[in-house]
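Source file upload_30.pdb; content: PDB, C-alpha atoms.
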ATOM      1  CA  MET A  58      65.783   9.494 -13.734
ATOM      2  CA  ASN A  59      67.312   6.282 -12.437
ATOM      3  CA  LYS A  60      66.170   6.948  -8.844
ATOM      4  CA  PRO A  61      62.435   7.072  -9.636
ATOM      5  CA  PHE A  62      62.775   3.880 -11.667
ATOM      6  CA  CYS A  63      64.530   2.162  -8.727
ATOM      7  CA  VAL A  64      61.917   3.421  -6.278
ATOM      8  CA  ILE A  65      59.083   2.194  -8.485
ATOM      9  CA  THR A  66      60.792  -1.161  -9.019
ATOM     10  CA  LEU A  67      61.379  -1.508  -5.285
ATOM     11  CA  ALA A  68      57.754  -0.582  -4.527
ATOM     12  CA  VAL A  69      56.457  -3.150  -7.033
ATOM     13  CA  LEU A  70      58.794  -5.790  -5.620
ATOM     14  CA  LEU A  71      57.653  -5.067  -2.052
ATOM     15  CA  CYS A  72      53.996  -5.185  -3.083
ATOM     16  CA  PHE A  73      54.562  -8.520  -4.816
ATOM     17  CA  THR A  74      56.405  -9.907  -1.774
ATOM     18  CA  PHE A  75      53.665  -8.852   0.634
ATOM     19  CA  ALA A  76      50.944 -10.118  -1.706
ATOM     20  CA  CYS A  77      52.594 -13.559  -1.881
ATOM     21  CA  GLN A  78      53.100 -13.605   1.865
ATOM     22  CA  ASN A  79      49.470 -12.669   2.384
ATOM     23  CA  LYS A  80      48.387 -15.539   0.096
ATOM     24  CA  ALA A  81      50.520 -17.989   2.083
ATOM     25  CA  GLU A  82      49.052 -16.710   5.355
ATOM     26  CA  LYS A  83      45.546 -16.948   3.932
ATOM     27  CA  ALA A  84      46.189 -20.522   2.762
ATOM     28  CA  GLU A  85      47.555 -21.466   6.192
ATOM     29  CA  LEU A  86      44.592 -19.817   7.912
ATOM     30  CA  GLU A  87      42.159 -21.644   5.605
ATOM     31  CA  LYS A  88      43.910 -24.947   6.346
ATOM     32  CA  PHE A  89      43.587 -24.250  10.083
ATOM     33  CA  ARG A  90      39.890 -23.353   9.738
ATOM     34  CA  THR A  91      39.212 -26.495   7.712
ATOM     35  CA  GLN A  92      40.904 -28.690  10.309
ATOM     36  CA  ALA A  93      39.020 -26.983  13.144
ATOM     37  CA  LYS A  94      35.738 -27.567  11.286
ATOM     38  CA  VAL A  95      36.545 -31.268  10.760
ATOM     39  CA  GLU A  96      37.527 -31.623  14.429
ATOM     40  CA  GLU A  97      34.221 -30.069  15.549
ATOM     41  CA  GLN A  98      32.315 -32.404  13.197
ATOM     42  CA  ASN A  99      34.248 -35.384  14.598
ATOM     43  CA  LYS A 100      33.414 -34.344  18.162
ATOM     44  CA  GLY A 101      29.750 -34.187  17.145
ATOM     45  CA  ILE A 102      29.941 -37.668  15.601
ATOM     46  CA  ALA A 103      31.423 -39.015  18.839
ATOM     47  CA  ARG A 104      28.689 -37.417  20.961
ATOM     48  CA  ASP A 105      25.988 -38.645  18.590
ATOM     49  CA  LEU A 106      27.352 -42.202  18.698
ATOM     50  CA  PHE A 107      26.938 -42.371  22.479
ATOM     51  CA  LYS A 108      23.465 -40.842  22.191
ATOM     52  CA  ALA A 109      22.507 -43.574  19.674
ATOM     53  CA  ILE A 110      23.952 -46.212  22.010
ATOM     54  CA  ASP A 111      21.874 -44.889  24.917
ATOM     55  CA  GLU A 112      18.760 -44.843  22.711
ATOM     56  CA  GLY A 113      19.412 -48.388  21.469
ATOM     57  CA  ASN A 114      19.260 -47.320  17.828
ATOM     58  CA  ALA A 115      21.309 -50.090  16.169
ATOM     59  CA  GLU A 116      20.764 -48.709  12.667
ATOM     60  CA  GLN A 117      22.113 -45.310  13.684
ATOM     61  CA  ILE A 118      25.018 -46.870  15.601
ATOM     62  CA  LEU A 119      26.058 -48.797  12.491
ATOM     63  CA  ALA A 120      25.669 -45.658  10.341
ATOM     64  CA  PHE A 121      28.444 -43.995  12.373
ATOM     65  CA  LEU A 122      30.857 -46.905  11.870
ATOM     66  CA  ALA A 123      33.157 -47.516   8.896
ATOM     67  CA  ASP A 124      32.836 -50.884   7.153
ATOM     68  CA  ASP A 125      36.260 -51.867   8.528
ATOM     69  CA  PHE A 126      35.513 -50.572  12.053
ATOM     70  CA  ALA A 127      37.558 -52.176  14.846
ATOM     71  CA  LEU A 128      36.838 -52.034  18.581
ATOM     72  CA  THR A 129      39.753 -52.784  20.888
ATOM     73  CA  ALA A 130      40.109 -52.630  24.645
ATOM     74  CA  PRO A 131      42.241 -54.152  27.371
ATOM     75  CA  GLY A 132      41.302 -57.824  27.582
ATOM     76  CA  ILE A 133      40.007 -58.050  24.008
ATOM     77  CA  ILE A 134      42.470 -60.258  22.123
ATOM     78  CA  GLU A 135      41.103 -59.761  18.605
ATOM     79  CA  PRO A 136      39.504 -56.475  17.508
ATOM     80  CA  LEU A 137      35.722 -56.645  17.280
ATOM     81  CA  GLY A 138      33.988 -55.638  14.053
ATOM     82  CA  ARG A 139      31.181 -53.167  13.466
ATOM     83  CA  ASP A 140      28.325 -55.656  13.912
ATOM     84  CA  MET A 141      29.500 -56.469  17.448
ATOM     85  CA  LEU A 142      28.937 -52.976  18.892
ATOM     86  CA  PRO A 143      25.101 -53.133  18.830
ATOM     87  CA  GLN A 144      25.253 -56.702  20.180
ATOM     88  CA  LEU A 145      27.510 -55.668  23.078
ATOM     89  CA  ARG A 146      25.252 -52.709  23.752
ATOM     90  CA  ASN A 147      22.123 -54.875  23.885
ATOM     91  CA  ALA A 148      23.701 -57.467  26.197
ATOM     92  CA  HIS A 149      24.845 -54.756  28.621
ATOM     93  CA  TYR A 150      21.561 -52.841  28.551
ATOM     94  CA  LYS A 151      19.655 -56.066  29.247
ATOM     95  CA  ALA A 152      21.313 -56.135  32.685
ATOM     96  CA  PHE A 153      21.306 -52.328  33.087
ATOM     97  CA  PRO A 154      18.201 -51.038  31.238
ATOM     98  CA  ASP A 155      18.668 -47.425  32.398
ATOM     99  CA  TRP A 156      22.418 -47.332  31.547
ATOM    100  CA  ARG A 157      23.466 -43.903  30.253
ATOM    101  CA  HIS A 158      26.644 -42.165  29.150
ATOM    102  CA  PHE A 159      27.373 -38.742  30.635
ATOM    103  CA  ILE A 160      30.075 -37.082  28.577
ATOM    104  CA  GLU A 161      32.385 -34.902  30.649
ATOM    105  CA  ASP A 162      34.973 -33.898  28.052
ATOM    106  CA  VAL A 163      35.624 -34.279  24.332
ATOM    107  CA  ILE A 164      38.977 -33.406  22.764
ATOM    108  CA  ALA A 165      39.766 -33.614  19.057
ATOM    109  CA  ASP A 166      43.089 -33.459  17.262
ATOM    110  CA  GLY A 167      42.991 -34.213  13.563
ATOM    111  CA  ASP A 168      41.217 -37.538  13.050
ATOM    112  CA  LYS A 169      41.474 -38.516  16.748
ATOM    113  CA  VAL A 170      38.744 -37.826  19.307
ATOM    114  CA  VAL A 171      39.062 -38.586  23.021
ATOM    115  CA  ILE A 172      35.939 -38.807  25.164
ATOM    116  CA  LYS A 173      35.957 -38.845  28.947
ATOM    117  CA  LEU A 174      32.657 -40.020  30.338
ATOM    118  CA  ILE A 175      30.842 -41.503  33.279
ATOM    119  CA  GLN A 176      28.375 -44.351  32.757
ATOM    120  CA  LYS A 177      25.551 -45.021  35.195
ATOM    121  CA  GLY A 178      22.804 -47.586  35.490
ATOM    122  CA  THR A 179      20.855 -49.887  37.770
ATOM    123  CA  HIS A 180      21.711 -53.598  37.844
ATOM    124  CA  GLU A 181      18.283 -55.161  37.219
ATOM    125  CA  ALA A 182      19.118 -58.512  35.573
ATOM    126  CA  GLU A 183      21.937 -61.059  35.552
ATOM    127  CA  TYR A 184      25.252 -59.656  34.415
ATOM    128  CA  GLU A 185      28.329 -61.808  33.823
ATOM    129  CA  GLY A 186      26.903 -64.468  36.139
ATOM    130  CA  ILE A 187      26.028 -61.969  38.885
ATOM    131  CA  PRO A 188      22.296 -62.017  39.716
ATOM    132  CA  ALA A 189      20.431 -58.693  39.788
ATOM    133  CA  THR A 190      21.419 -56.623  42.818
ATOM    134  CA  GLY A 191      19.465 -53.388  42.327
ATOM    135  CA  VAL A 192      22.761 -51.519  42.741
ATOM    136  CA  LYS A 193      22.996 -48.143  41.049
ATOM    137  CA  ALA A 194      26.435 -48.528  39.504
ATOM    138  CA  THR A 195      28.834 -45.953  38.114
ATOM    139  CA  MET A 196      31.677 -46.685  35.719
ATOM    140  CA  PRO A 197      34.178 -44.117  34.389
ATOM    141  CA  ALA A 198      35.531 -44.592  30.881
ATOM    142  CA  MET A 199      37.780 -43.107  28.205
ATOM    143  CA  HIS A 200      37.367 -43.771  24.516
ATOM    144  CA  LEU A 201      39.795 -42.916  21.740
ATOM    145  CA  LEU A 202      38.121 -42.786  18.345
ATOM    146  CA  THR A 203      39.717 -42.490  14.927
ATOM    147  CA  ILE A 204      37.284 -40.821  12.537
ATOM    148  CA  VAL A 205      38.020 -40.837   8.805
ATOM    149  CA  ASP A 206      35.724 -39.207   6.256
ATOM    150  CA  GLY A 207      32.932 -38.881   8.808
ATOM    151  CA  LYS A 208      32.993 -42.557   9.875
ATOM    152  CA  ILE A 209      34.441 -44.105  13.022
ATOM    153  CA  LYS A 210      37.209 -46.432  11.892
ATOM    154  CA  GLU A 211      38.636 -47.399  15.289
ATOM    155  CA  MET A 212      37.526 -47.260  18.898
ATOM    156  CA  PHE A 213      39.853 -47.983  21.784
ATOM    157  CA  ALA A 214      37.840 -48.235  25.009
ATOM    158  CA  ILE A 215      39.165 -48.117  28.548
ATOM    159  CA  GLU A 216      36.338 -48.835  30.989
ATOM    160  CA  ASP A 217      36.509 -49.689  34.695
ATOM    161  CA  TYR A 218      34.886 -53.138  34.638
ATOM    162  CA  LEU A 219      36.738 -54.174  37.804
ATOM    163  CA  GLY A 220      35.167 -51.247  39.662
ATOM    164  CA  LEU A 221      31.756 -52.080  38.187
ATOM    165  CA  ASN A 222      32.003 -55.714  39.266
ATOM    166  CA  GLN A 223      33.104 -54.691  42.767
ATOM    167  CA  GLN A 224      30.036 -52.447  43.032
ATOM    168  CA  LEU A 225      27.952 -55.525  42.190
ATOM    169  CA  GLY A 226      29.539 -57.483  45.055
ATOM    170  CA  MET A 227      32.543 -59.156  43.469
ATOM    171  CA  GLU A 228      35.536 -59.510  45.788
ATOM    172  CA  LEU A 229      39.185 -59.881  44.879
ATOM    173  CA  ARG A 230      41.180 -62.507  46.743
ATOM    174  CA  LEU A 231      44.623 -63.926  46.289
ATOM    175  CA  LYS A 232      44.719 -67.330  44.729
ATOM    176  CA  GLU A 233      45.892 -70.105  46.987
ATOM    177  CA  ILE A 234      49.302 -71.174  45.850
ATOM    178  CA  LYS A 235      50.066 -74.877  46.113
ATOM    179  CA  LYS A 236      53.514 -75.593  47.471
TER     180      LYS A 236
END

What would the structure in this file look like if it were written as structure tokens?
Amino acid sequence: MNKPFCVITLAVLLCFTFACQNKAEKAELEKFRTQAKVEEQNKGIARDLFKAIDEGNAEQILAFLADDFALTAPGIIEPLGRDMLPQLRNAHYKAFPDWRHFIEDVIADGDKVVIKLIQKGTHEAEYEGIPATGVKATMPAMHLLTIVDGKIKEMFAIEDYLGLNQQLGMELRLKEIKK
């Protein structure tokens, strides 16, 4: 009589153990699915931001940005706030009216999104003191975005402005050193 009781107890214990393990696995799987969904949404937000930039839709650009948005890049000493992005866009597109972003790759990990892209446009008006050249310029770029609650909080941009300026005719020379 003791053996059946032990077998039943063991069976119940095993069922309970597997049921708990299954719940833990389900919770982990749900967590993974939720993160994957957020990452896909963040990738979409990043793509849509560059589409809004190309279309010149300042209202939509600002809608993607958090109130405390900060843009940083090599050469920028102080981070730029959200209102500066449409202004920068308009100044650049004045010189390159057909400027477009061609996204090559988008990678998301948690709240971070990395975008590799190529930018192209024709230099049709003065840019940084360089008169219009008619050059069809290409500039590669990488952007690292931090997206929190569906809004872009930070953007770190690495863009090849030296290469762009060289395409427009700028030359690099060593400075003359006075002895």

On this structure, the PyMOL selection byres ((chain A and resi 196) around 9) would catch which residues? List them as JSON, numbers by chain, sorted by chain and number. {"A": [174, 175, 176, 177, 178, 194, 195, 197, 198, 216, 217, 218, 220, 221]}

Any chance you could export the current selection's C-alpha atoms as an mmCIF file, keeping the file's coordinate frame?
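What ended up in selection.cif:
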data_model
loop_
_atom_site.group_PDB
_atom_site.id
_atom_site.type_symbol
_atom_site.label_atom_id
_atom_site.label_comp_id
_atom_site.auth_asym_id
_atom_site.auth_seq_id
_atom_site.Cartn_x
_atom_site.Cartn_y
_atom_site.Cartn_z
ATOM 1 C CA LEU A 174 32.657 -40.020 30.338
ATOM 2 C CA ILE A 175 30.842 -41.503 33.279
ATOM 3 C CA GLN A 176 28.375 -44.351 32.757
ATOM 4 C CA LYS A 177 25.551 -45.021 35.195
ATOM 5 C CA GLY A 178 22.804 -47.586 35.490
ATOM 6 C CA ALA A 194 26.435 -48.528 39.504
ATOM 7 C CA THR A 195 28.834 -45.953 38.114
ATOM 8 C CA PRO A 197 34.178 -44.117 34.389
ATOM 9 C CA ALA A 198 35.531 -44.592 30.881
ATOM 10 C CA GLU A 216 36.338 -48.835 30.989
ATOM 11 C CA ASP A 217 36.509 -49.689 34.695
ATOM 12 C CA TYR A 218 34.886 -53.138 34.638
ATOM 13 C CA GLY A 220 35.167 -51.247 39.662
ATOM 14 C CA LEU A 221 31.756 -52.080 38.187
#

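Nearest residue to A:Asp162, choosing from A:Lys210, A:His200, A:Lys236, A:Arg90 and counting only C-alpha atoms: A:His200.
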
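Proximity ranking of A:Ala214, A:Met227, A:Val171, A:Pro131 relative to A:Ala103 places A:Val171 first, based on only C-alpha atoms.
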
Once the PyMOL selection byres ((chain A and resi 136) around 12) has been applied to the shown file, what residues remain in the selection, as a VMD selection string? chain A and resid 125 to 135 137 to 142 210 to 214

Filtering to C-alpha atoms, could you give me those residues as a short mmCIF file (atom, residue, chain, number, x, y, z; two decimals), in the coordinates of the input?
data_model
loop_
_atom_site.label_atom_id
_atom_site.label_comp_id
_atom_site.auth_asym_id
_atom_site.auth_seq_id
_atom_site.Cartn_x
_atom_site.Cartn_y
_atom_site.Cartn_z
CA ASP A 125 36.26 -51.87 8.53
CA PHE A 126 35.51 -50.57 12.05
CA ALA A 127 37.56 -52.18 14.85
CA LEU A 128 36.84 -52.03 18.58
CA THR A 129 39.75 -52.78 20.89
CA ALA A 130 40.11 -52.63 24.64
CA PRO A 131 42.24 -54.15 27.37
CA GLY A 132 41.30 -57.82 27.58
CA ILE A 133 40.01 -58.05 24.01
CA ILE A 134 42.47 -60.26 22.12
CA GLU A 135 41.10 -59.76 18.60
CA LEU A 137 35.72 -56.64 17.28
CA GLY A 138 33.99 -55.64 14.05
CA ARG A 139 31.18 -53.17 13.47
CA ASP A 140 28.32 -55.66 13.91
CA MET A 141 29.50 -56.47 17.45
CA LEU A 142 28.94 -52.98 18.89
CA LYS A 210 37.21 -46.43 11.89
CA GLU A 211 38.64 -47.40 15.29
CA MET A 212 37.53 -47.26 18.90
CA PHE A 213 39.85 -47.98 21.78
CA ALA A 214 37.84 -48.24 25.01
#

Could you work out how far atom CA of A:Leu145 lies from atom CA of A:Leu119, giving the answer in Å with one decimal? 12.7 Å

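In this comparison, which uses only C-alpha atoms, the residue of A:Val170, A:Ile204, A:Phe159, A:Phe153 approaching A:Lys108 most closely is A:Phe159.
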
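In this model, the gap between atom CA of A:Lys173 and atom CA of A:Met199 comes to 4.7 Å.
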
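Among the candidates A:Ala115, A:Leu201, A:Ala109, A:Ile209, the residue lying nearest to A:Arg157 is A:Ala109 (atoms considered: only C-alpha atoms).
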
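Minimum atom-to-atom distances from A:Asp168, A:Glu87, A:Glu228, A:Asp155 to A:Ile110 were compared using only C-alpha atoms, and the lowest value belongs to A:Asp155.
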
For the atom pair atom CA of A:Val163 and atom CA of A:Ile118, what is the interatomic distance in Å to one decimal place? 18.6 Å

Residues matched by the PyMOL selection byres ((chain A and resi 187) around 9) as a list in words: Ala182, Glu183, Tyr184, Glu185, Gly186, Pro188, Ala189, Thr190, Asn222, Leu225, Gly226 and Met227 of chain A

Requested write-out: C-alpha atoms of the selected residues, as a short mmCIF file (atom, residue, chain, number, x, y, z; two decimals), keeping the file's coordinate frame:
data_model
loop_
_atom_site.label_atom_id
_atom_site.label_comp_id
_atom_site.auth_asym_id
_atom_site.auth_seq_id
_atom_site.Cartn_x
_atom_site.Cartn_y
_atom_site.Cartn_z
CA ALA A 182 19.12 -58.51 35.57
CA GLU A 183 21.94 -61.06 35.55
CA TYR A 184 25.25 -59.66 34.42
CA GLU A 185 28.33 -61.81 33.82
CA GLY A 186 26.90 -64.47 36.14
CA PRO A 188 22.30 -62.02 39.72
CA ALA A 189 20.43 -58.69 39.79
CA THR A 190 21.42 -56.62 42.82
CA ASN A 222 32.00 -55.71 39.27
CA LEU A 225 27.95 -55.52 42.19
CA GLY A 226 29.54 -57.48 45.06
CA MET A 227 32.54 -59.16 43.47
#

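Remark: for A:Val192, the closest of the candidate residues A:Asp124, A:Phe89, A:Thr179, A:Ala165 is A:Thr179 (distances computed over all atoms listed in the file).
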
Size and centre in Å, one decimal, axis-aligned box, all listed stretch 220-227 of chain A atoms plus 4 Å per side, as lines of an AutoDock Vina configuration file:
center_x = 31.6
center_y = -55.2
center_z = 41.6
size_x = 15.2
size_y = 15.9
size_z = 14.9
